[in-house]
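Participant: Take a look at the following structure, please.
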Amino acid sequence: MNIKHIIESQQFKVPRIMELFERTNAMKKIVARGGTLDYQSKILATLFYSPSTRTRFSFESAMYRLGGKVLSTENAREFSSEIKDERLEDTIRIINNYCDVIVLRHHETGGARRAASVSNVPIINAGDGSGGQHPTQALLDLYTIHQECHTIDGLSVAFIGALDNGRTARSLAYLLSKFDRVKLYFIAPKELQMKQDILDHLDEHEISYELTNTTKNIIEKVDILYVTRIDRERLQKKNVNLEEYNITPSILKRLKKNARILHPLPRSVEISSEVDSDPRAAYFRQAENGLYLRMALLSMLFDGE
Amino acid sequence: MNIKHIIESQQFKVPRIMELFERTNAMKKIVARGGTLDYQSKILATLFYSPSTRTRFSFESAMYRLGGKVLSTENAREFSSEIKDERLEDTIRIINNYCDVIVLRHHETGGARRAASVSNVPIINAGDGSGGQHPTQALLDLYTIHQECHTIDGLSVAFIGALDNGRTARSLAYLLSKFDRVKLYFIAPKELQMKQDILDHLDEHEISYELTNTTKNIIEKVDILYVTRIDRERLQKKNVNLEEYNITPSILKRLKKNARILHPLPRSVEISSEVDSDPRAAYFRQAENGLYLRMALLSMLFDGE
Amino acid sequence: MNIKHIIESQQFKVPRIMELFERTNAMKKIVARGGTLDYQSKILATLFYSPSTRTRFSFESAMYRLGGKVLSTENAREFSSEIKDERLEDTIRIINNYCDVIVLRHHETGGARRAASVSNVPIINAGDGSGGQHPTQALLDLYTIHQECHTIDGLSVAFIGALDNGRTARSLAYLLSKFDRVKLYFIAPKELQMKQDILDHLDEHEISYELTNTTKNIIEKVDILYVTRIDRERLQKKNVNLEEYNITPSILKRLKKNARILHPLPRSVEISSEVDSDPRAAYFRQAENGLYLRMALLSMLFDGE
């Protein structure tokens with residue numbers, strides 16, 4: 001069998017992405033009418049070396065809605081082993097025997113790729129290292145943009161927050177670079193700006209982008225404002241004005257009528273709760289989409305597609 | 001849909017309680033004959049901010065016996081998040097997408113009510129804060145009393161232990177206040193006595209009660225002895241005679257022939273293990289009843305009743 | 001009902017073991033063709049007082065492949081309780097109500113036996129204390145030997161590593177003592193050698209064995225090399241030459257052509273990864289066998305056989 005792993009968002013081509021989005025729509029309808037799917041014999045294992053209840057539940061719920069079963073670890077890093085130096089590769093080889101797909105969150109960049117190199121069952125990268133990727137998050141972000149704006153080509157997307165360590169922003173930037181006439185803005189303090197490897201990738205794909213440390217004259221232009229967490233301690237040390245990067249009702253006034261605000265969640269203070277009731281705040285719909293997209297992705301893996 | 005949350009024991013009226021108890025009896029019979037129920041498409045999520053394997057297993061087992069599926073957290077507080085200040089309300093909104101009911105244990109009094117205020121799926125309070133409530137425990141306690149004594153009206157019930165922080169004693173006192181001619185005794189060192197809000201509630205409902213710091217002349221009179229944990233360190237500091245609050249074979253001799261001893265479990269030293277074999281020791285039967293009562297409660301929520 | 005617990009490997013007689021192995025073969029075939037079994041109404045609870053993701057997943061996956069359901073604890077010891085001194089017996093009595101079988105890993109030798117003494121559902125010992133047993137590991141080790149060598153009678157088996165605290169080596173030695181003409185070698189530094197109780201047991205059963213602190217003239221003779229973890233810190237303190245106990249390609253050259261290397265896993269440095277690709281390295285096949293053997297064992301318990 002041709003095993004397909006999901007390691008990084010670059011691996012997806014546009015026709016494949018559109019196919020996935022159609023299947024995601026179908027899953028949404030099936031869940032809405034309380035329907036069930038036929039993957040009873042399948043077992044998904046979540047192997048989380050750093051805990052994330054939300055991402056874990058999203059995958060596990062997707063598996064249940066498909067009819068399957070779930071093996072679960074809340075914190076594999078602390079609790080997995082009697083020995084400190086166990087190799088990830090060994091763990092993967094052993095757990096291969098007990099499941100049909102492994103969802104891996106690993107604390108080291110490149111962890112998912114190492115796991116895939118020895119695995120007989122598909123590995124899904126659910127975040128690897130702070131500078132790594134989180135491709136299923138990027139796919140659900142993109143699906144949400146597509147659902148909310150009915151297109152991706154031609155959109156202006158601003159990323160705001162700590163972008164240097166932002167796994168989700170990195171993964172989404174890769175995906176957006178596959179579409180036509182997109183324009184990207186990276187809004188961050190200089191020290192936390194998007195890293196050069198992503199900028200090089202955008203240059204290669206002839207994607208237009210701007211780096212800035214202010215929302216001024218940017219917020220007004222964008223279709224999508226993608227907000228990410230920002231480590232307040234890191235910023236305070238560097239004497240940066242935090243408020244510049246917070247989304248508040250005053251920012252809403254400047255935002256286009258049809259724009260959308262996304263956030264991978266959980267949030268800290270970077271979006272104030274008064275923003276939640278604005279119809280442009282799409283982040284809770286985005287979290288919901290994660291369920292349907294992951295159902296679609298898992299079913300494609302099980303079907304060998 | 002009219003979403004019903006289970007937040008505090010006061011919310012249940014007597015006819016509703018009796019309906020629930022009948023359904024609990026039915027569940028007991030179904031489990032005894034290995035029968036199954038038809039809630040395959042339902043997902044329950046346990047969100048425990050302070051761990052309790054027993055309560056968690058009781059709910060999860062109830063869900064399995066109903067045919068449903070389970071998303072589980074052993075310790076959401078430590079492991080849930082990359083950020084320290086995530087709002088409970090955000091977590092609930094996100095997890096709403098992944099399940100059909102949330103069983104929440106939260107470390108802050110009022111946590112369950114806050115969760116319910118934003119939730120699209122039923123919230124079941126499985127304990128909130130040390131001074132909060134634990135309504136399903138109170139319902140299974142009351143069910144056990146009803147099963148063992150065939151009535152609730154007219155019973156004498158003594159609570160013994162650290163009653164000031166006793167979530168379960170508080171919740172059960174609320175429930176008992178709905179019945180006729182019950183008489184309550186609160187046996188605790190002065191510093192750990194039942195709080196005034198409960199006493200006020202009992203006064204309002206014209207329930208007769210006594211406060212005391214000794215079992216003398218009380219043990220002999222009661223139909224139900226409801227024992228709760230007592231923090232030995234707190235007591236030792238206050239120079240209180242611990243043994244006064246321990247249930248030993250010598251207490252058994254003074255207890256009425258048809259009385260029953262209940263305990264929410266786990267216990268520490270407050271009931272000695274020699275007591276276990278006495279037919280009046282009902283605490284393990286009480287734990288078993290938790291399964292059937294929670295099955296009944298969950299099925300009523302799913303049926304929209 | 002006659003409840004059967006699985007506490008120690010001595011309890012199994014040879015005909016019973018062979019029956020189990022035949023059922024294990026059947027389970028292997030059922031899994032290979034994606035078949036399902038009919039234990040939908042059964043619930044397995046894993047109660048792990050020291051965490052082991054591998055062993056836990058092996059049991060939980062076996063239960064899922066049988067069609068059943070799973071209640072899970074990653075770390076019952078830290079998270080189980082609000083009180084520190086809860087008795088294991090109480091926990092078992094309560095959890096009895098919520099499941100049909102309990103898989104227990106306990107940090108104290110004898111924990112499984114204590115649990116079994118009060119349990120109404122079968123207890124499976126998944127490791128108790130460092131000097132205790134791990135009978136299902138020993139059974140899957142023996143099954144692997146039988147699968148790989150087509151016999152057990154007459155085999156030479158060398159155990160290497162820290163044998164004094166080696167639960168798995170101890171349990172397997174008990175099992176091997178039931179077969180004819182086996183010869184055992186215990187290769188360990190003097191301070192970490194197999195304990196006297198096992199040696200006495202072998203004497204009683206007239207099993208021939210040798211104690212040694214070197215692989216010299218042993219490796220060349222054995223059919224099975226059973227490698228276990230060795231605590232490097234303990235050895236370094238005692239000024240022992242670590243390399244003597246490591247399995248490297250140079251050891252492979254001395255090993256018989258039809259010999260097999262087993263390891264209960266996880267490993268640390270005691271087997272170098274270059275050994276993995278040698279066909280005699282059977283440890284990953286051994287881990288796979290754990291699934292089928294545990295399916296067979298659970299189904300026998302459920303069938304009351």
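So you can find residues: chains in the structure tokens are A, B, ... in the order shown, residues in each start at 1, and ligands are numbered from 1 in order.
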Could you list the residues in chain B lying within 6 Å of chain C, using only C-alpha atoms, and format the result as a PDB file with N, CA, C and O atoms, in the first residue's frame?
Facilitator:
ATOM      1  N   PRO B  51      -8.351  16.297  38.869  1.00  0.00           N
ATOM      2  CA  PRO B  51      -8.565  14.907  38.490  1.00  0.00           C
ATOM      3  C   PRO B  51      -9.425  14.156  39.507  1.00  0.00           C
ATOM      4  O   PRO B  51      -9.329  14.395  40.709  1.00  0.00           O
ATOM      5  N   SER B  52     -10.252  13.269  39.029  1.00  0.00           N
ATOM      6  CA  SER B  52     -10.997  12.337  39.866  1.00  0.00           C
ATOM      7  C   SER B  52     -11.327  11.124  39.017  1.00  0.00           C
ATOM      8  O   SER B  52     -12.316  11.121  38.287  1.00  0.00           O
ATOM      9  N   THR B  53     -10.480  10.110  39.108  1.00  0.00           N
ATOM     10  CA  THR B  53     -10.657   8.942  38.259  1.00  0.00           C
ATOM     11  C   THR B  53     -12.014   8.303  38.477  1.00  0.00           C
ATOM     12  O   THR B  53     -12.683   7.883  37.539  1.00  0.00           O
ATOM     13  N   SER B  61     -18.219   5.318  31.865  1.00  0.00           N
ATOM     14  CA  SER B  61     -18.820   3.990  31.798  1.00  0.00           C
ATOM     15  C   SER B  61     -20.313   4.094  31.481  1.00  0.00           C
ATOM     16  O   SER B  61     -20.843   3.342  30.657  1.00  0.00           O
ATOM     17  N   SER B 268     -10.665   8.303  53.475  1.00  0.00           N
ATOM     18  CA  SER B 268      -9.348   8.209  54.089  1.00  0.00           C
ATOM     19  C   SER B 268      -9.539   7.311  55.316  1.00  0.00           C
ATOM     20  O   SER B 268     -10.030   6.199  55.177  1.00  0.00           O
ATOM     21  N   GLU B 288     -21.988   2.033  43.011  1.00  0.00           N
ATOM     22  CA  GLU B 288     -22.573   1.299  41.879  1.00  0.00           C
ATOM     23  C   GLU B 288     -23.778   2.062  41.336  1.00  0.00           C
ATOM     24  O   GLU B 288     -23.945   2.187  40.122  1.00  0.00           O
TER      25      GLU B 288
END
Participant: Contacts of range 32-37 of chain C at 7 Å or less, counting only C-alpha atoms, minus same-chain residues fewer than 5 places along, as a PyMOL selection string?
Facilitator: chain C and resi 65-67
Participant: Per DSSP on the backbone, what are the strand (DSSP E or B) residues of range 62-221 of chain B, as a ChimeraX atom specification?
Facilitator: /B:69-72,101-106,123-128,156-160,183-187,208-212
Participant: Could you list, as a list in words, every residue within 8 Å of range 108-120 of chain A, counting only C-alpha atoms and ignoring same-chain residues fewer than 3 positions away?
Facilitator: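 That gives Ile3, His5, Ile7, Leu88, Glu89, Ile92, Arg93, Asn96, Leu104, Arg105, Ile123, Ile124, Asn125, Asp128, Gly129, Ser130, Gly131, Gly132 and Gln133 of chain A.
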Participant: Between CA of Phe284 in chain C and CA of Leu199 in chain C, what is the spacing in Å?
Facilitator: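 Computing it gives 29.1 Å between the two atoms.
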Participant: Please report the interatomic distance between CA of Tyr209 in chain B and CA of Ile152 in chain B in Å with one decimal.
Facilitator: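 These atoms are spaced 15.6 Å apart.
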Participant: Quick one: residues within 7 Å of range 140-151 of chain C, only C-alpha atoms, excluding same-chain residues fewer than 3 positions away - as an MDAnalysis selection string?
Facilitator: chainID C and resid 21 136:137 286 289:290 293
Participant: Between CA of Asp276 in chain B and CA of Asp153 in chain B, what is the distance, to one decimal in Å?
Facilitator: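 It comes out at 26.9 Å.
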Participant: Can you check which residues of range 9-227 of chain A DSSP gives as alpha helix (DSSP H) on the backbone and send them as a PyMOL selection string?
Facilitator: chain A and resi 14-32+53-65+76-79+88-95+111-118+135-149+167-176+196-204
Participant: Residues near Glu243 in chain C, anyone? I mean within 10 Å using only C-alpha atoms, not counting same-chain ones fewer than 5 positions away, as an NGL selection string.
Facilitator: :C and (248 or 269-270)
Participant: Taking 4 positions as the minimum chain separation for residues in the same chain, which residues sit within 9 Å of Ala158 in chain C when counting only C-alpha atoms? Answer as a list in words.
Facilitator: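 Contacts, with the query itself left out: Lys183, Leu184, Tyr185, Phe186, Ile187, Ile218, Ile219, Val222, Asp223, Ile224, Leu225, Tyr226 and Val227 of chain C.
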Participant: Filtering to all heavy atoms, could you give me those residues as a compact mmCIF listing (two decimals), in the first residue's frame?
Facilitator:
# COMPACT_ATOMS: atom_id res chain seq x y z
N LYS C 183 17.63 -24.78 28.66
CA LYS C 183 18.86 -24.42 29.38
C LYS C 183 18.89 -22.89 29.46
O LYS C 183 18.77 -22.22 28.43
CB LYS C 183 20.05 -24.96 28.59
CG LYS C 183 21.39 -24.38 28.97
CD LYS C 183 22.11 -25.22 30.00
CE LYS C 183 23.34 -24.47 30.51
NZ LYS C 183 24.18 -25.29 31.35
N LEU C 184 19.05 -22.35 30.65
CA LEU C 184 19.01 -20.90 30.81
C LEU C 184 20.40 -20.35 31.19
O LEU C 184 21.14 -20.99 31.95
CB LEU C 184 18.00 -20.50 31.89
CG LEU C 184 16.57 -21.05 31.75
CD1 LEU C 184 15.66 -20.43 32.80
CD2 LEU C 184 16.02 -20.78 30.36
N TYR C 185 20.73 -19.18 30.64
CA TYR C 185 21.94 -18.46 31.01
C TYR C 185 21.54 -17.07 31.52
O TYR C 185 20.73 -16.40 30.86
CB TYR C 185 22.87 -18.29 29.81
CG TYR C 185 23.32 -19.60 29.21
CD1 TYR C 185 22.60 -20.20 28.17
CD2 TYR C 185 24.47 -20.24 29.67
CE1 TYR C 185 23.00 -21.40 27.62
CE2 TYR C 185 24.88 -21.45 29.12
CZ TYR C 185 24.15 -22.03 28.10
OH TYR C 185 24.55 -23.23 27.56
N PHE C 186 22.08 -16.65 32.63
CA PHE C 186 21.80 -15.31 33.16
C PHE C 186 23.09 -14.50 33.10
O PHE C 186 24.03 -14.75 33.87
CB PHE C 186 21.27 -15.39 34.59
CG PHE C 186 19.98 -16.16 34.69
CD1 PHE C 186 19.94 -17.40 35.30
CD2 PHE C 186 18.81 -15.65 34.14
CE1 PHE C 186 18.75 -18.11 35.39
CE2 PHE C 186 17.60 -16.36 34.22
CZ PHE C 186 17.57 -17.60 34.84
N ILE C 187 23.14 -13.57 32.17
CA ILE C 187 24.34 -12.77 31.96
C ILE C 187 24.12 -11.38 32.55
O ILE C 187 23.33 -10.58 32.03
CB ILE C 187 24.66 -12.65 30.45
CG1 ILE C 187 24.64 -14.04 29.78
CG2 ILE C 187 25.99 -11.94 30.23
CD1 ILE C 187 24.73 -13.99 28.26
N ILE C 218 28.95 -17.90 25.49
CA ILE C 218 27.52 -18.11 25.73
C ILE C 218 26.73 -17.73 24.47
O ILE C 218 25.94 -18.53 23.96
CB ILE C 218 27.00 -17.24 26.90
CG1 ILE C 218 27.89 -17.39 28.15
CG2 ILE C 218 25.54 -17.55 27.20
CD1 ILE C 218 27.62 -18.58 29.00
N ILE C 219 26.99 -16.51 24.01
CA ILE C 219 26.30 -15.99 22.83
C ILE C 219 26.30 -17.01 21.69
O ILE C 219 25.31 -17.17 20.98
CB ILE C 219 27.03 -14.68 22.37
CG1 ILE C 219 26.74 -13.54 23.35
CG2 ILE C 219 26.63 -14.27 20.95
CD1 ILE C 219 25.32 -13.04 23.36
N VAL C 222 23.42 -19.93 22.19
CA VAL C 222 22.00 -19.78 22.53
C VAL C 222 21.09 -19.68 21.31
O VAL C 222 21.50 -19.23 20.23
CB VAL C 222 21.76 -18.56 23.45
CG1 VAL C 222 22.55 -18.72 24.74
CG2 VAL C 222 22.11 -17.26 22.73
N ASP C 223 19.85 -20.12 21.53
CA ASP C 223 18.81 -19.98 20.51
C ASP C 223 18.06 -18.66 20.66
O ASP C 223 17.59 -18.08 19.70
CB ASP C 223 17.82 -21.14 20.63
CG ASP C 223 18.50 -22.48 20.50
OD1 ASP C 223 19.07 -22.74 19.41
OD2 ASP C 223 18.52 -23.25 21.49
N ILE C 224 17.96 -18.23 21.91
CA ILE C 224 17.25 -16.98 22.21
C ILE C 224 18.15 -16.12 23.08
O ILE C 224 18.67 -16.57 24.10
CB ILE C 224 15.94 -17.26 22.98
CG1 ILE C 224 14.96 -18.11 22.16
CG2 ILE C 224 15.27 -15.96 23.45
CD1 ILE C 224 14.37 -17.44 20.95
N LEU C 225 18.30 -14.85 22.67
CA LEU C 225 19.01 -13.87 23.49
C LEU C 225 17.97 -12.85 23.94
O LEU C 225 17.45 -12.07 23.13
CB LEU C 225 20.11 -13.20 22.65
CG LEU C 225 21.01 -12.20 23.39
CD1 LEU C 225 21.73 -12.86 24.55
CD2 LEU C 225 22.02 -11.60 22.40
N TYR C 226 17.62 -12.92 25.23
CA TYR C 226 16.57 -12.05 25.76
C TYR C 226 17.24 -10.86 26.46
O TYR C 226 17.80 -11.00 27.55
CB TYR C 226 15.68 -12.82 26.74
CG TYR C 226 14.43 -12.08 27.12
CD1 TYR C 226 13.24 -12.28 26.42
CD2 TYR C 226 14.41 -11.17 28.17
CE1 TYR C 226 12.08 -11.61 26.75
CE2 TYR C 226 13.25 -10.48 28.51
CZ TYR C 226 12.08 -10.71 27.80
OH TYR C 226 10.94 -10.03 28.11
N VAL C 227 17.19 -9.70 25.80
CA VAL C 227 17.90 -8.51 26.27
C VAL C 227 16.95 -7.65 27.10
O VAL C 227 15.80 -7.43 26.71
CB VAL C 227 18.44 -7.69 25.08
CG1 VAL C 227 19.36 -6.57 25.56
CG2 VAL C 227 19.15 -8.59 24.08
